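Q: First, the structure itself, so that you have it in front of you.
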Amino acid sequence: CLADGKILFSSLEANLPLVAQDLSDQMQLFVLDTKLTSGVNHVILRSNMDKLAGYDLNFFELSGNEQFVSLVTHDGQVSVLDLRTGVVTEIQSEPGSDIRSLPAWRGDTELCYYTQSEETNINKRVTLLDLNGPLDNKRYLSTNWPEEVINSLE
């Protein structure tokens with residue numbers, strides 16, 4: 001539930017009546033405005049749906065200020081959807097990454113996520129990104145963590 005009473009949820013899109021062949025296999029995010037009788041609206045612009053192919057929209061995380069949603073794939077991609085503009089920004093696309101947990105918001109604009117990659121020198125890392133700054137300005141929180149702490153995250 002959002003602060004204004006609206007409900008953000010993921011679902012397959014369906015317009016009734018329909019037959020099985022008409023049912024989409026692509027998830028979508030919707031917002032339900034409980035104050036309107038027909039108040040269900042798409043959150044992700046149709047022009048961005050191809051960009052989000054492979055994302056599991058069942059797993060999303062809303063930022064503290066309710067302006068951003070983090071989205072993930074099972075192979076480690078992380079993107080952020082700006083709910084104000086509909087813009088999708090890819091945050092993590094490193095090949096061979098494996099997302100180890102859902103990203104978590106720290107405050108309104110800082111996104112924290114854990115990845116494990118076989119392609120980099122830093123095999124496992126906890127990353128913090130502030131969306132108010134440049135996207136390449138990532139801080140690796142786990143840089144000085146003891147190896148046993150990092151290994152316990154698996």
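Identifiers in the structure tokens: chain A, B, ... in order shown; residue index from 1 per chain; ligand index from 1 in order shown.
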Taking 4 positions as the minimum chain separation for residues in the same chain, which residues sit within 10 Å of region 49-51 of chain A when counting only C-alpha atoms? Answer as a PDB file with all heavy atoms, in the first residue's frame.
A:
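Dumped to part-v4.pdb:
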```
ATOM      1  N   GLN A  26       3.514 -12.135 -19.959  1.00  0.00           N
ATOM      2  CA  GLN A  26       4.416 -11.125 -19.427  1.00  0.00           C
ATOM      3  C   GLN A  26       3.754 -10.392 -18.269  1.00  0.00           C
ATOM      4  O   GLN A  26       2.631  -9.901 -18.384  1.00  0.00           O
ATOM      5  CB  GLN A  26       4.817 -10.129 -20.512  1.00  0.00           C
ATOM      6  CG  GLN A  26       5.932  -9.219 -20.089  1.00  0.00           C
ATOM      7  CD  GLN A  26       6.468  -8.429 -21.274  1.00  0.00           C
ATOM      8  OE1 GLN A  26       5.787  -8.256 -22.272  1.00  0.00           O
ATOM      9  NE2 GLN A  26       7.687  -7.958 -21.156  1.00  0.00           N
ATOM     10  N   MET A  27       4.476 -10.356 -17.147  1.00  0.00           N
ATOM     11  CA  MET A  27       3.959  -9.667 -15.970  1.00  0.00           C
ATOM     12  C   MET A  27       4.003  -8.157 -16.199  1.00  0.00           C
ATOM     13  O   MET A  27       4.746  -7.661 -17.044  1.00  0.00           O
ATOM     14  CB  MET A  27       4.804 -10.014 -14.740  1.00  0.00           C
ATOM     15  CG  MET A  27       4.782 -11.476 -14.357  1.00  0.00           C
ATOM     16  SD  MET A  27       3.184 -12.032 -13.774  1.00  0.00           S
ATOM     17  CE  MET A  27       3.136 -11.294 -12.161  1.00  0.00           C
ATOM     18  N   GLN A  28       3.220  -7.448 -15.414  1.00  0.00           N
ATOM     19  CA  GLN A  28       3.155  -5.986 -15.471  1.00  0.00           C
ATOM     20  C   GLN A  28       2.937  -5.492 -14.054  1.00  0.00           C
ATOM     21  O   GLN A  28       2.407  -6.225 -13.210  1.00  0.00           O
ATOM     22  CB  GLN A  28       2.017  -5.564 -16.392  1.00  0.00           C
ATOM     23  CG  GLN A  28       1.611  -4.110 -16.400  1.00  0.00           C
ATOM     24  CD  GLN A  28       2.631  -3.154 -16.944  1.00  0.00           C
ATOM     25  OE1 GLN A  28       3.535  -2.767 -16.216  1.00  0.00           O
ATOM     26  NE2 GLN A  28       2.495  -2.755 -18.193  1.00  0.00           N
ATOM     27  N   ILE A  44       4.280   0.394 -15.721  1.00  0.00           N
ATOM     28  CA  ILE A  44       5.374   0.344 -16.691  1.00  0.00           C
ATOM     29  C   ILE A  44       4.818   0.708 -18.068  1.00  0.00           C
ATOM     30  O   ILE A  44       3.846   0.102 -18.539  1.00  0.00           O
ATOM     31  CB  ILE A  44       6.016  -1.052 -16.733  1.00  0.00           C
ATOM     32  CG1 ILE A  44       6.549  -1.424 -15.341  1.00  0.00           C
ATOM     33  CG2 ILE A  44       7.144  -1.105 -17.762  1.00  0.00           C
ATOM     34  CD1 ILE A  44       6.987  -2.856 -15.217  1.00  0.00           C
ATOM     35  N   LEU A  45       5.421   1.692 -18.697  1.00  0.00           N
ATOM     36  CA  LEU A  45       5.002   2.085 -20.036  1.00  0.00           C
ATOM     37  C   LEU A  45       5.177   0.915 -20.995  1.00  0.00           C
ATOM     38  O   LEU A  45       6.152   0.169 -20.916  1.00  0.00           O
ATOM     39  CB  LEU A  45       5.839   3.272 -20.521  1.00  0.00           C
ATOM     40  CG  LEU A  45       5.780   4.544 -19.681  1.00  0.00           C
ATOM     41  CD1 LEU A  45       6.781   5.565 -20.197  1.00  0.00           C
ATOM     42  CD2 LEU A  45       4.378   5.113 -19.687  1.00  0.00           C
ATOM     43  N   TYR A  55      12.808  -9.890 -16.559  1.00  0.00           N
ATOM     44  CA  TYR A  55      12.689  -9.446 -15.170  1.00  0.00           C
ATOM     45  C   TYR A  55      11.520 -10.165 -14.514  1.00  0.00           C
ATOM     46  O   TYR A  55      10.486 -10.374 -15.135  1.00  0.00           O
ATOM     47  CB  TYR A  55      12.471  -7.931 -15.093  1.00  0.00           C
ATOM     48  CG  TYR A  55      13.759  -7.165 -15.223  1.00  0.00           C
ATOM     49  CD1 TYR A  55      14.340  -6.956 -16.465  1.00  0.00           C
ATOM     50  CD2 TYR A  55      14.404  -6.667 -14.110  1.00  0.00           C
ATOM     51  CE1 TYR A  55      15.527  -6.269 -16.594  1.00  0.00           C
ATOM     52  CE2 TYR A  55      15.596  -5.977 -14.216  1.00  0.00           C
ATOM     53  CZ  TYR A  55      16.151  -5.783 -15.472  1.00  0.00           C
ATOM     54  OH  TYR A  55      17.330  -5.110 -15.582  1.00  0.00           O
ATOM     55  N   SER A  79      17.437  -3.156 -12.209  1.00  0.00           N
ATOM     56  CA  SER A  79      16.991  -1.906 -12.826  1.00  0.00           C
ATOM     57  C   SER A  79      16.105  -1.163 -11.844  1.00  0.00           C
ATOM     58  O   SER A  79      15.576  -1.749 -10.896  1.00  0.00           O
ATOM     59  CB  SER A  79      16.224  -2.162 -14.121  1.00  0.00           C
ATOM     60  OG  SER A  79      17.093  -2.571 -15.150  1.00  0.00           O
ATOM     61  N   VAL A  88      12.960   3.586 -17.128  1.00  0.00           N
ATOM     62  CA  VAL A  88      13.641   2.431 -16.551  1.00  0.00           C
ATOM     63  C   VAL A  88      15.138   2.634 -16.734  1.00  0.00           C
ATOM     64  O   VAL A  88      15.608   2.862 -17.849  1.00  0.00           O
ATOM     65  CB  VAL A  88      13.205   1.120 -17.230  1.00  0.00           C
ATOM     66  CG1 VAL A  88      14.009  -0.056 -16.710  1.00  0.00           C
ATOM     67  CG2 VAL A  88      11.720   0.889 -17.027  1.00  0.00           C
ATOM     68  N   THR A  89      15.893   2.553 -15.640  1.00  0.00           N
ATOM     69  CA  THR A  89      17.344   2.728 -15.679  1.00  0.00           C
ATOM     70  C   THR A  89      18.014   1.443 -15.235  1.00  0.00           C
ATOM     71  O   THR A  89      17.746   0.947 -14.137  1.00  0.00           O
ATOM     72  CB  THR A  89      17.778   3.879 -14.740  1.00  0.00           C
ATOM     73  OG1 THR A  89      17.069   5.059 -15.117  1.00  0.00           O
ATOM     74  CG2 THR A  89      19.269   4.125 -14.825  1.00  0.00           C
ATOM     75  N   GLU A  90      18.883   0.900 -16.098  1.00  0.00           N
ATOM     76  CA  GLU A  90      19.615  -0.311 -15.747  1.00  0.00           C
ATOM     77  C   GLU A  90      20.747   0.050 -14.796  1.00  0.00           C
ATOM     78  O   GLU A  90      21.552   0.923 -15.085  1.00  0.00           O
ATOM     79  CB  GLU A  90      20.161  -0.965 -17.008  1.00  0.00           C
ATOM     80  CG  GLU A  90      20.709  -2.345 -16.768  1.00  0.00           C
ATOM     81  CD  GLU A  90      21.073  -3.018 -18.069  1.00  0.00           C
ATOM     82  OE1 GLU A  90      22.176  -2.730 -18.574  1.00  0.00           O
ATOM     83  OE2 GLU A  90      20.267  -3.822 -18.565  1.00  0.00           O
TER      84      GLU A  90
END
```
Q: Can you pull out every residue from chain A that DSSP, working from the backbone, puts in strand (DSSP E), and format the result as a PyMOL selection string?
A: chain A and resi 7-12+27-32+40-42+60-62+68-72+78-82+88-92+97-99+104-106+110-117+124-130+139-140
Q: Show me, as a count of residues only, the residues that have an atom within 10 Å of region 142-146 of chain A when counting only C-alpha atoms, minus same-chain residues fewer than 4 positions from it.
A: 9
Q: Kindly give the distance, in Å, that separates CA of Asn132 (chain A) and CA of Cys1 (chain A), rounded to a single decimal.
A: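 Between CA of Asn132 (chain A) and CA of Cys1 (chain A) the gap works out to 24.7 Å.
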Q: Write out as a list in words all residues of region 19-149 of chain A that backbone DSSP assigns to helix (DSSP H, G or I).
A: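 Helix (DSSP H, G or I) members of region 19-149 of chain A, listed: Ala20, Gln21, Asp22, Arg46, Ser47, Asn48, Asp50, Lys51, Leu52, Glu147, Glu148 and Val149 of chain A.
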Q: Quick one: residues within 12 Å of region 3-16 of chain A, only C-alpha atoms, excluding same-chain residues fewer than 3 positions away - as number ranges by chain?
A: A: 19-36, 39-44, 46, 55-62, 64-69, 71, 83
Q: What does the structure give for the distance between CA of Glu147 (chain A) and CA of Gly107 (chain A), in Å to one decimal?
A: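 Answer for the CA of Glu147 (chain A) to CA of Gly107 (chain A) separation: 27.4 Å.
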Q: Closest to Val72 (chain A) among A:Gly54, A:Pro17, A:Gly86, A:Pro134, using only C-alpha atoms?
A: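 Answer, going by the shortest atom-to-atom distance: A:Gly54.
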Q: Interatomic distance between CA of Thr109 (chain A) and CA of Leu135 (chain A)?
A: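 Atom-to-atom, CA of Thr109 (chain A) and CA of Leu135 (chain A) are spaced 11.9 Å apart.
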